>>> print(open('entry_26.cif').read())   # mmCIF, C-alpha atoms and all ligand atoms
data_model
loop_
_atom_site.label_atom_id
_atom_site.label_comp_id
_atom_site.auth_asym_id
_atom_site.auth_seq_id
_atom_site.Cartn_x
_atom_site.Cartn_y
_atom_site.Cartn_z
CA MET B 7 -24.20 3.57 6.52
CA SER B 8 -21.44 4.64 4.13
CA GLN B 9 -21.54 4.59 0.34
CA THR B 10 -20.65 1.51 -1.67
CA PRO B 11 -16.99 1.93 -2.61
CA LYS B 12 -16.77 3.30 -6.13
CA HIS B 13 -13.06 3.56 -6.86
CA ILE B 14 -11.30 0.25 -6.44
CA LEU B 15 -7.53 -0.04 -6.70
CA LEU B 16 -6.02 -3.43 -7.50
CA ALA B 17 -2.57 -2.94 -5.99
CA VAL B 18 -1.09 -6.25 -7.00
CA SER B 19 2.53 -6.48 -7.95
CA ASP B 20 3.52 -10.01 -8.90
CA ARG B 21 0.84 -11.31 -11.25
CA ASP B 22 -1.31 -10.31 -14.17
CA ILE B 23 -4.71 -9.05 -13.02
CA GLN B 24 -6.31 -7.90 -16.24
CA ASP B 25 -8.81 -10.79 -15.98
CA LEU B 26 -9.74 -9.71 -12.46
CA LYS B 27 -10.19 -6.12 -13.56
CA ALA B 28 -12.46 -7.22 -16.41
CA ALA B 29 -14.47 -9.55 -14.13
CA LEU B 30 -14.99 -6.75 -11.57
CA GLN B 31 -16.10 -4.31 -14.24
CA GLN B 32 -18.56 -6.89 -15.52
CA GLN B 33 -19.95 -7.80 -12.08
CA ALA B 34 -20.09 -4.23 -10.73
CA PRO B 35 -20.31 -1.80 -13.66
CA GLU B 36 -20.95 1.07 -11.25
CA MET B 37 -17.42 0.73 -9.85
CA ARG B 38 -14.29 2.23 -11.41
CA VAL B 39 -11.47 -0.28 -11.24
CA TYR B 40 -7.80 0.68 -11.53
CA THR B 41 -4.51 -1.19 -11.47
CA LEU B 42 -1.12 0.21 -10.45
CA GLU B 43 -0.32 0.76 -14.13
CA ASP B 44 -3.32 3.07 -14.53
CA ASN B 45 -3.24 6.75 -13.74
CA PHE B 46 -5.46 6.14 -10.69
CA PRO B 47 -7.03 9.00 -8.67
CA ALA B 48 -5.29 8.38 -5.32
CA ALA B 49 -7.51 10.83 -3.43
CA SER B 50 -10.70 8.99 -4.48
CA ILE B 51 -9.67 5.37 -3.98
CA ASP B 52 -12.07 4.01 -1.37
CA PHE B 53 -11.32 0.28 -1.56
CA ALA B 54 -7.99 -1.48 -2.13
CA VAL B 55 -7.25 -5.06 -3.10
CA LEU B 56 -3.69 -5.80 -2.08
CA TRP B 57 -1.02 -8.34 -2.93
CA LYS B 58 2.59 -7.29 -2.26
CA GLN B 59 1.61 -3.63 -2.59
CA PRO B 60 4.30 -0.98 -3.14
CA GLU B 61 5.86 0.52 -0.03
CA GLY B 62 4.11 3.67 1.18
CA LEU B 63 1.13 3.28 -1.15
CA LEU B 64 -1.46 3.06 1.63
CA ALA B 65 -0.37 6.41 3.05
CA GLN B 66 -1.37 8.03 -0.24
CA LEU B 67 -5.00 6.84 -0.17
CA PRO B 68 -6.86 9.18 2.23
CA ALA B 69 -10.39 8.05 1.26
CA LEU B 70 -9.89 4.32 1.95
CA GLN B 71 -12.87 2.63 3.64
CA GLY B 72 -11.71 -0.96 3.42
CA ILE B 73 -8.93 -3.28 2.33
CA THR B 74 -8.87 -6.88 1.27
CA SER B 75 -6.03 -9.26 0.58
CA LEU B 76 -6.21 -10.78 -2.87
CA GLY B 77 -5.55 -14.11 -1.17
CA ALA B 78 -6.04 -15.84 2.17
CA GLY B 79 -3.03 -14.43 3.99
CA VAL B 80 -2.95 -10.89 5.42
CA ASP B 81 0.55 -10.82 6.93
CA PHE B 82 1.93 -8.53 4.21
CA ILE B 83 -0.89 -6.04 4.90
CA LEU B 84 -0.60 -6.02 8.69
CA ASN B 85 3.18 -5.65 8.42
CA ASP B 86 2.86 -2.60 6.14
CA PRO B 87 3.95 0.46 8.20
CA ALA B 88 1.66 2.65 6.05
CA LEU B 89 -1.49 0.71 7.04
CA PRO B 90 -3.95 3.15 8.68
CA PRO B 91 -4.91 1.97 12.19
CA ASP B 92 -8.69 1.79 11.88
CA ILE B 93 -9.36 0.51 8.37
CA PRO B 94 -11.12 -2.87 8.27
CA VAL B 95 -9.08 -5.59 6.58
CA ALA B 96 -10.50 -8.74 5.00
CA ARG B 97 -9.23 -11.66 2.95
CA ILE B 98 -10.55 -13.86 0.18
CA VAL B 99 -10.96 -17.63 0.42
CA ALA B 100 -13.14 -18.66 -2.50
CA VAL B 101 -14.25 -22.22 -3.06
CA ASP B 102 -11.73 -22.80 -5.83
CA LEU B 103 -8.89 -21.71 -3.52
CA LYS B 104 -9.87 -24.41 -1.05
CA GLN B 105 -10.25 -26.98 -3.83
CA GLN B 106 -6.82 -26.19 -5.24
CA MET B 107 -5.21 -26.50 -1.82
CA ALA B 108 -6.96 -29.84 -1.37
CA GLN B 109 -5.66 -31.02 -4.77
CA TYR B 110 -2.11 -29.93 -3.90
CA VAL B 111 -1.99 -31.59 -0.49
CA THR B 112 -3.78 -34.73 -1.66
CA ALA B 113 -1.31 -35.08 -4.55
CA VAL B 114 1.62 -34.98 -2.14
CA VAL B 115 0.09 -37.22 0.51
CA THR B 116 -1.00 -39.92 -1.90
CA ARG B 117 2.27 -39.75 -3.87
CA PHE B 118 4.35 -40.54 -0.79
CA HIS B 119 1.87 -42.82 0.94
CA ARG B 120 1.52 -44.94 -2.23
CA ARG B 121 5.34 -44.86 -2.65
CA PHE B 122 5.53 -43.42 -6.15
CA PRO B 123 9.08 -42.03 -5.68
CA GLU B 124 10.24 -45.61 -5.00
CA PHE B 125 8.35 -47.00 -7.98
CA GLU B 126 10.02 -44.37 -10.17
CA GLN B 127 13.40 -45.67 -8.97
CA GLN B 128 12.32 -49.27 -9.52
CA GLN B 129 11.20 -48.43 -13.05
CA LYS B 130 14.65 -47.05 -13.87
CA ALA B 131 16.09 -50.41 -12.77
CA ARG B 132 13.34 -52.40 -14.61
CA GLN B 133 12.44 -53.85 -11.24
CA TRP B 134 9.01 -55.44 -10.60
CA ARG B 135 8.51 -55.43 -6.84
CA VAL B 136 5.38 -54.89 -4.76
CA LEU B 137 5.87 -52.49 -1.84
CA PRO B 138 3.41 -52.64 1.07
CA VAL B 139 1.06 -49.74 1.76
CA ALA B 140 0.87 -48.39 5.33
CA PRO B 141 -2.66 -48.56 6.73
CA ALA B 142 -4.43 -45.29 7.63
CA PRO B 143 -1.54 -42.83 8.02
CA VAL B 144 -2.07 -39.74 10.18
CA VAL B 145 -2.16 -36.43 8.34
CA GLY B 146 -1.51 -33.67 10.86
CA PHE B 147 -2.47 -30.08 10.10
CA ALA B 148 -0.73 -27.13 11.76
CA GLY B 149 -3.59 -24.66 11.23
CA PHE B 150 -7.10 -25.99 10.76
CA GLY B 151 -8.97 -22.94 9.47
CA GLN B 152 -10.69 -22.32 6.15
CA LEU B 153 -8.02 -24.27 4.28
CA GLY B 154 -6.81 -26.92 6.72
CA ALA B 155 -10.31 -28.09 7.62
CA PHE B 156 -11.38 -28.26 3.97
CA VAL B 157 -8.29 -30.20 2.91
CA ALA B 158 -8.80 -32.61 5.81
CA GLU B 159 -12.37 -33.33 4.73
CA SER B 160 -11.03 -34.23 1.26
CA LEU B 161 -8.51 -36.68 2.70
CA ARG B 162 -10.74 -38.36 5.27
CA PRO B 163 -12.82 -40.40 2.76
CA LEU B 164 -9.54 -41.73 1.30
CA GLY B 165 -8.81 -43.46 4.60
CA TYR B 166 -6.43 -41.00 6.25
CA ARG B 167 -6.70 -40.19 9.94
CA ILE B 168 -6.71 -36.49 10.66
CA ALA B 169 -4.94 -34.54 13.42
CA SER B 170 -5.15 -30.81 13.94
CA TRP B 171 -3.27 -28.15 15.86
CA THR B 172 -5.03 -24.86 16.45
CA ARG B 173 -4.53 -21.86 18.70
CA GLN B 174 -7.83 -21.96 20.57
CA THR B 175 -10.54 -23.91 18.83
CA LYS B 176 -10.86 -27.67 19.48
CA THR B 177 -11.76 -29.37 16.20
CA ALA B 178 -13.62 -32.50 15.14
CA ALA B 179 -10.40 -34.09 13.83
CA ASP B 180 -9.52 -37.61 15.05
CA MET B 181 -6.88 -35.97 17.25
CA SER B 182 -7.21 -32.30 18.15
CA PHE B 183 -4.31 -30.49 19.83
CA VAL B 184 -4.45 -26.92 21.08
CA GLY B 185 -2.01 -24.41 22.51
CA GLN B 186 1.78 -24.38 22.83
CA GLU B 187 2.32 -28.03 23.83
CA GLY B 188 -0.02 -29.11 21.03
CA LEU B 189 2.50 -28.65 18.24
CA ARG B 190 4.84 -31.22 19.73
CA GLN B 191 1.99 -33.71 20.08
CA LEU B 192 0.91 -33.08 16.51
CA VAL B 193 4.28 -33.57 14.85
CA GLU B 194 5.23 -36.56 17.01
CA GLN B 195 2.10 -38.41 15.92
CA SER B 196 1.80 -37.47 12.24
CA ASP B 197 3.07 -39.28 9.15
CA PHE B 198 2.44 -36.13 7.14
CA VAL B 199 2.71 -32.64 8.66
CA ILE B 200 0.86 -30.01 6.65
CA ASN B 201 1.66 -26.40 7.52
CA LEU B 202 -1.33 -24.17 6.82
CA LEU B 203 -0.78 -21.58 9.53
CA PRO B 204 -1.10 -17.84 8.99
CA LEU B 205 2.09 -15.84 9.51
CA THR B 206 1.87 -14.01 12.85
CA ALA B 207 4.35 -13.12 15.58
CA ALA B 208 3.52 -16.48 17.20
CA THR B 209 4.10 -18.60 14.07
CA ARG B 210 7.22 -16.91 12.67
CA GLY B 211 10.08 -19.44 12.82
CA ILE B 212 7.82 -22.06 14.41
CA PHE B 213 9.32 -24.87 12.32
CA ASN B 214 12.86 -24.86 13.65
CA SER B 215 15.43 -27.43 14.79
CA GLN B 216 13.40 -28.11 17.96
CA THR B 217 10.19 -28.79 16.05
CA PHE B 218 12.02 -30.94 13.50
CA ALA B 219 13.72 -32.90 16.30
CA TRP B 220 10.25 -33.87 17.58
CA MET B 221 9.67 -35.51 14.19
CA GLN B 222 12.59 -37.92 14.33
CA GLN B 223 10.70 -40.99 15.54
CA ARG B 224 8.01 -40.92 12.88
CA LYS B 225 9.94 -39.20 10.06
CA PRO B 226 6.99 -37.53 8.39
CA VAL B 227 6.76 -35.87 5.02
CA PHE B 228 6.48 -32.12 5.65
CA VAL B 229 4.31 -29.96 3.39
CA HIS B 230 5.05 -26.25 3.77
CA ALA B 231 2.21 -24.25 2.21
CA GLY B 232 1.67 -21.48 4.80
CA ARG B 233 4.23 -18.66 4.66
CA GLY B 234 7.99 -18.80 4.13
CA PRO B 235 9.16 -17.19 7.40
CA GLN B 236 7.44 -19.90 9.45
CA VAL B 237 10.32 -22.26 8.58
CA ILE B 238 13.97 -21.72 9.46
CA GLU B 239 15.25 -23.00 6.15
CA SER B 240 18.78 -23.86 7.36
CA ASP B 241 17.27 -25.89 10.24
CA LEU B 242 15.11 -27.77 7.76
CA ILE B 243 18.12 -28.72 5.66
CA ARG B 244 19.97 -29.94 8.75
CA ALA B 245 16.93 -31.95 9.86
CA LEU B 246 16.59 -33.59 6.44
CA ASP B 247 20.30 -34.41 6.40
CA ALA B 248 19.92 -35.97 9.85
CA GLY B 249 17.02 -38.08 8.57
CA TRP B 250 14.48 -36.58 11.02
CA LEU B 251 11.98 -36.03 8.19
CA SER B 252 11.69 -38.15 5.10
CA HIS B 253 10.92 -35.35 2.64
CA ALA B 254 9.82 -31.70 2.47
CA VAL B 255 7.51 -30.28 -0.18
CA MET B 256 7.81 -26.49 -0.14
CA ASP B 257 5.53 -23.99 -1.82
CA VAL B 258 6.52 -20.89 0.16
CA PHE B 259 9.91 -19.41 1.03
CA ASN B 260 11.59 -16.68 3.04
CA THR B 261 12.53 -14.96 -0.21
CA GLU B 262 10.29 -15.32 -3.25
CA PRO B 263 11.14 -16.03 -6.00
CA LEU B 264 13.56 -18.47 -4.39
CA PRO B 265 17.08 -17.16 -5.22
CA ALA B 266 19.07 -19.30 -7.68
CA GLU B 267 21.84 -19.82 -5.12
CA SER B 268 19.52 -21.29 -2.45
CA PRO B 269 20.65 -24.78 -1.35
CA LEU B 270 16.97 -25.79 -1.20
CA TRP B 271 16.88 -26.13 -5.01
CA THR B 272 19.24 -29.08 -5.17
CA HIS B 273 18.50 -30.92 -1.95
CA PRO B 274 17.50 -34.50 -2.82
CA ALA B 275 14.79 -34.63 -0.14
CA ILE B 276 13.10 -31.35 -1.10
CA THR B 277 10.44 -30.73 -3.73
CA ILE B 278 9.88 -27.11 -4.71
CA THR B 279 6.83 -25.44 -6.23
CA PRO B 280 6.65 -21.69 -6.94
CA HIS B 281 3.98 -20.47 -4.47
CA LEU B 282 1.03 -21.74 -6.43
CA ALA B 283 -0.59 -24.33 -4.19
CA ALA B 284 -3.83 -22.38 -4.45
CA ARG B 285 -4.92 -19.30 -6.43
CA SER B 286 -8.47 -18.21 -7.06
CA ASP B 287 -9.81 -17.52 -10.50
CA ALA B 288 -10.78 -14.00 -11.50
CA TYR B 289 -14.52 -14.59 -11.49
CA GLN B 290 -14.72 -15.93 -7.92
CA THR B 291 -12.30 -13.30 -6.65
CA ALA B 292 -14.33 -10.50 -8.23
CA ALA B 293 -17.54 -11.85 -6.69
CA ALA B 294 -15.89 -11.87 -3.25
CA ILE B 295 -14.67 -8.28 -3.67
CA VAL B 296 -18.15 -7.11 -4.66
CA ARG B 297 -19.62 -8.80 -1.56
CA GLN B 298 -17.00 -7.11 0.61
CA CYS B 299 -17.78 -3.67 -0.84
CA ARG B 300 -21.52 -4.17 -0.37
CA ALA B 301 -21.05 -5.28 3.25
CA LEU B 302 -18.95 -2.17 3.95
CA ALA B 303 -21.66 0.01 2.47
CA ALA B 304 -24.28 -1.68 4.66
CA GLY B 305 -22.16 -0.98 7.72
CA GLN B 306 -21.60 -4.70 8.29
CA PRO B 307 -18.35 -6.60 8.78
CA MET B 308 -16.95 -7.74 5.44
CA PRO B 309 -17.01 -11.49 4.78
CA LEU B 310 -13.76 -12.89 6.24
CA GLN B 311 -12.89 -9.60 7.87
CA ILE B 312 -9.96 -10.30 10.15
CA ASP B 313 -9.43 -9.44 13.78
CA ARG B 314 -6.50 -7.05 13.50
CA HIS B 315 -5.52 -7.67 17.10
CA ARG B 316 -5.31 -11.46 16.54
CA ALA B 317 -3.46 -10.80 13.24
CA TYR B 318 -5.23 -13.46 11.16
P1 LIG B 401 -7.53 -19.30 8.82
O1 LIG B 401 -7.33 -17.97 9.47
O2 LIG B 401 -8.88 -19.66 8.37
O3 LIG B 401 -7.03 -20.45 9.81
C1 LIG B 401 -5.85 -20.33 10.54
C2 LIG B 401 -5.68 -21.56 11.43
O4 LIG B 401 -4.39 -21.47 12.06
C3 LIG B 401 -6.71 -21.64 12.53
O5 LIG B 401 -7.05 -22.99 12.76
C4 LIG B 401 -5.99 -21.06 13.74
O6 LIG B 401 -6.41 -21.57 15.00
C5 LIG B 401 -4.58 -21.58 13.47
N1 LIG B 401 -3.58 -20.75 14.18
C6 LIG B 401 -3.33 -19.43 14.03
N2 LIG B 401 -2.35 -19.05 14.87
C7 LIG B 401 -1.99 -20.14 15.57
C8 LIG B 401 -1.05 -20.38 16.60
N3 LIG B 401 -0.27 -19.41 17.09
N4 LIG B 401 -0.95 -21.62 17.11
C9 LIG B 401 -1.75 -22.63 16.64
N5 LIG B 401 -2.67 -22.46 15.63
C10 LIG B 401 -2.78 -21.24 15.13
O7 LIG B 401 -6.48 -19.34 7.61
P2 LIG B 401 -6.64 -20.10 6.21
O8 LIG B 401 -6.86 -21.54 6.46
O9 LIG B 401 -7.61 -19.37 5.36
O10 LIG B 401 -5.18 -19.85 5.57
C11 LIG B 401 -4.00 -20.23 6.26
C12 LIG B 401 -2.77 -19.69 5.56
O11 LIG B 401 -2.49 -20.42 4.37
C13 LIG B 401 -2.87 -18.25 5.05
O12 LIG B 401 -2.68 -17.31 6.11
C14 LIG B 401 -1.75 -18.19 4.03
O13 LIG B 401 -0.56 -17.78 4.65
C15 LIG B 401 -1.60 -19.64 3.57
N6 LIG B 401 -1.99 -19.80 2.16
C16 LIG B 401 -1.09 -20.28 1.27
C17 LIG B 401 -1.42 -20.46 -0.05
C18 LIG B 401 -0.45 -21.03 -1.01
O14 LIG B 401 -0.72 -21.01 -2.22
N7 LIG B 401 0.66 -21.57 -0.57
C19 LIG B 401 -2.75 -20.13 -0.55
C20 LIG B 401 -3.64 -19.65 0.45
C21 LIG B 401 -3.26 -19.50 1.76
P3 LIG B 401 -7.89 -21.24 15.60
O15 LIG B 401 -8.81 -22.15 14.78
O16 LIG B 401 -7.81 -21.62 17.02
O17 LIG B 401 -8.13 -19.78 15.33
C1 LIG B 402 -2.66 -16.64 -0.22
C2 LIG B 402 -1.56 -17.18 -0.98
O1 LIG B 402 -2.46 -16.16 0.89
O2 LIG B 402 -1.68 -17.37 -2.21
O3 LIG B 402 -3.80 -16.71 -0.74
O4 LIG B 402 -0.51 -17.48 -0.40
#
>>> encode(input="entry_26.cif", output="structure tokens")
Amino acid sequence: MSQTPKHILLAVSDRDIQDLKAALQQQAPEMRVYTLEDNFPAASIDFAVLWKQPEGLLAQLPALQGITSLGAGVDFILNDPALPPDIPVARIVAVDLKQQMAQYVTAVVTRFHRRFPEFEQQQKARQWRVLPVAPAPVVGFAGFGQLGAFVAESLRPLGYRIASWTRQTKTAADMSFVGQEGLRQLVEQSDFVINLLPLTAATRGIFNSQTFAWMQQRKPVFVHAGRGPQVIESDLIRALDAGWLSHAVMDVFNTEPLPAESPLWTHPAITITPHLAARSDAYQTAAAIVRQCRALAAGQPMPLQIDRHRAY
């Protein structure tokens, strides 16, 4: 059994984490908590919370016992060349993260299913016209893990049918597709395609002109909330221009922040949000970090410790 980590580094580069630091200090007063702005003792840091950490940082922390992502994704940790080979890596999926993702996806699905964009146009023309509502559309999830499965359970009571595509695990969705051929089946049969896949070698570029071509019969709305590099953005624009999809709602991008010159900004069939579909509050995040540190000290796997070989 090792010691409970005592020197925690919050190596987070694109958001304010003073609230998280304060919450951690309150929940675990025995721990010393540092941010990148502090003069932190690199040689004593035994636990690191990472989000877009500076290049090379991990090579400077010889006492590390464990690492967690500040969020649900771990791609930016596993792709860090300075990541030591044997350090356990975990991630954080607090209840509020799942709830926020459910709110985000539900907002998009109900907006398009209940035809609000068309009513907004009708309003501009002072037009009073009832538009029919499609019965029980299929919401298909690429990725049905902590987030996909939770979001699906929020949509099911609203009358949506659920489809899932997973790597290995058959699910209790109305339609469950697995393995390589499964993606085609999912997107061909879904009115909404929700991407909640982790970024791995197998999912990089997975939404490309071939995948979008499979959508052309049903013309779904595509919700891209996984990771930017899963979509070939130029292929998406071509597919929208060809009418293969009816709309894309994008929260994540190849380059973030999305550069001002990106054609995605002005495309009439694209809605953009700035990578905020789901973010945990400081209190729940701090509680998860404390649980991870205590598990490490007890010699147990951390909650949501990932399989580094599987890469998610
Ligand atoms: P999980 O690890 O819990 O679930 C991943 C799911 O994807 C599993 O169902 C898994 O299948 C499936 N999967 C993985 N690889 C493949 C593959 N090659 N082919 C088919 N299915 C595959 O992840 P979470 O639900 O917690 O999070 C998913 C992602 O959402 C995160 O990695 C992150 O990138 C993104 N995210 C985005 C946020 C935002 O604000 N936009 C916020 C939080 C997360 P199986 O069940 O068989 O293992
Ligand atoms: C996450 C994210 O991975 O915010 O949690 O994208």
>>> residues_near_ligand(input="entry_26.cif", ligand="ligand LIG 402 (chain B)", cutoff="12 Å", atoms="all atoms listed in the file", output="NGL selection string")
:B and (20-21 or 56-58 or 74-83 or 96-100 or 102-104 or 106-107 or 152-153 or 202-205 or 230-234 or 257-259 or 262 or 280-287 or 291 or 318)
>>> closest_residue(input="entry_26.cif", among="B:Ile238, B:Val111, B:Cys299, B:Ala219", to="ligand LIG 401 (chain B)", atoms="all atoms listed in the file")
B:Val111
>>> atom_distance(input="entry_26.cif", atom1="atom C19 of ligand LIG 401 (chain B)", atom2="atom CA of B:Ala48")
29.0 Å
>>> closest_residue(input="entry_26.cif", among="B:Ala29, B:Ala245, B:Ala303, B:Leu70", to="B:Ile14", atoms="all atoms listed in the file")
B:Leu70
>>> closest_residue(input="entry_26.cif", among="B:Ala28, B:Gln236, B:Lys225, B:Leu192", to="B:Ile212", atoms="only C-alpha atoms")
B:Gln236
>>> residues_near_point(input="entry_26.cif", point="(-14.9, 3.0, -4.7)", cutoff="10 Å", atoms="all atoms listed in the file", output="list in words")
Gln9, Thr10, Pro11, Lys12, His13, Ile14, Leu15, Glu36, Met37, Arg38, Val39, Ser50, Ile51, Asp52, Phe53, Ala54, Ala69, Leu70, Gln71, Gly72 and Cys299 of chain B
>>> atom_distance(input="entry_26.cif", atom1="atom CA of B:Ala140", atom2="atom CA of B:Val199")
16.2 Å
>>> atom_distance(input="entry_26.cif", atom1="atom CA of B:Asp180", atom2="atom CA of B:Trp220")
20.3 Å
>>> axis_aligned_box(input="entry_26.cif", around="stretch 223-235 of chain B", padding_each_side="3 Å", output="lines of an AutoDock Vina configuration file")
center_x = 6.2
center_y = -29.1
center_z = 8.9
size_x = 15.0
size_y = 29.8
size_z = 19.3
>>> residues_around(input="entry_26.cif", residues="B:Asp92", least_positions_apart="2", cutoff="12 Å", atoms="only C-alpha atoms", output="ChimeraX atom specification")
/B:70-73,84,88-90,94-95,313-315
>>> closest_residue(input="entry_26.cif", among="B:Phe183, B:Trp134, B:Phe125, B:Phe118", to="ligand LIG 401 (chain B)", atoms="all atoms listed in the file")
B:Phe183
>>> residues_around(input="entry_26.cif", residues="B:Ala158", least_positions_apart="2", cutoff="12 Å", atoms="only C-alpha atoms", output="MDAnalysis selection string")
chainID B and resid 104:105 107:109 111:112 115 144:156 160:170 177:180 198:200 202
>>> closest_residue(input="entry_26.cif", among="B:Thr172, B:Thr261, B:Ser252, B:Ser19", to="ligand LIG 401 (chain B)", atoms="all atoms listed in the file")
B:Thr172
>>> closest_residue(input="entry_26.cif", among="B:Pro307, B:Pro235, B:Gly185, B:Gly249", to="ligand LIG 401 (chain B)", atoms="only C-alpha atoms and all ligand atoms")
B:Gly185
>>> residues_near_point(input="entry_26.cif", point="(15.0, -41.3, 15.6)", cutoff="7 Å", atoms="all atoms listed in the file", output="list in words")
Gln222, Gln223 and Trp250 of chain B
>>> decode(input="entry_26.cif", residues="stretch 275-297 of chain B", atoms="C-alpha atoms", output="compact mmCIF listing (two decimals), in the first residue's frame")
# COMPACT_ATOMS: atom_id res chain seq x y z
CA ALA B 275 -26.45 23.80 -41.92
CA ILE B 276 -23.95 23.88 -39.04
CA THR B 277 -24.49 24.99 -35.46
CA ILE B 278 -21.36 25.61 -33.42
CA THR B 279 -20.85 25.55 -29.65
CA PRO B 280 -17.44 26.12 -28.01
CA HIS B 281 -16.66 22.69 -26.46
CA LEU B 282 -18.97 23.05 -23.51
CA ALA B 283 -21.54 20.31 -23.96
CA ALA B 284 -20.63 19.04 -20.50
CA ARG B 285 -18.31 20.31 -17.75
CA SER B 286 -18.35 19.22 -14.14
CA ASP B 287 -18.59 21.65 -11.28
CA ALA B 288 -15.67 22.11 -8.92
CA TYR B 289 -17.26 20.35 -5.96
CA GLN B 290 -18.05 17.09 -7.78
CA THR B 291 -14.70 17.10 -9.55
CA ALA B 292 -12.84 17.57 -6.26
CA ALA B 293 -14.78 14.72 -4.66
CA ALA B 294 -13.82 12.43 -7.57
CA ILE B 295 -10.14 13.38 -7.27
CA VAL B 296 -10.14 12.66 -3.55
CA ARG B 297 -11.69 9.22 -4.20
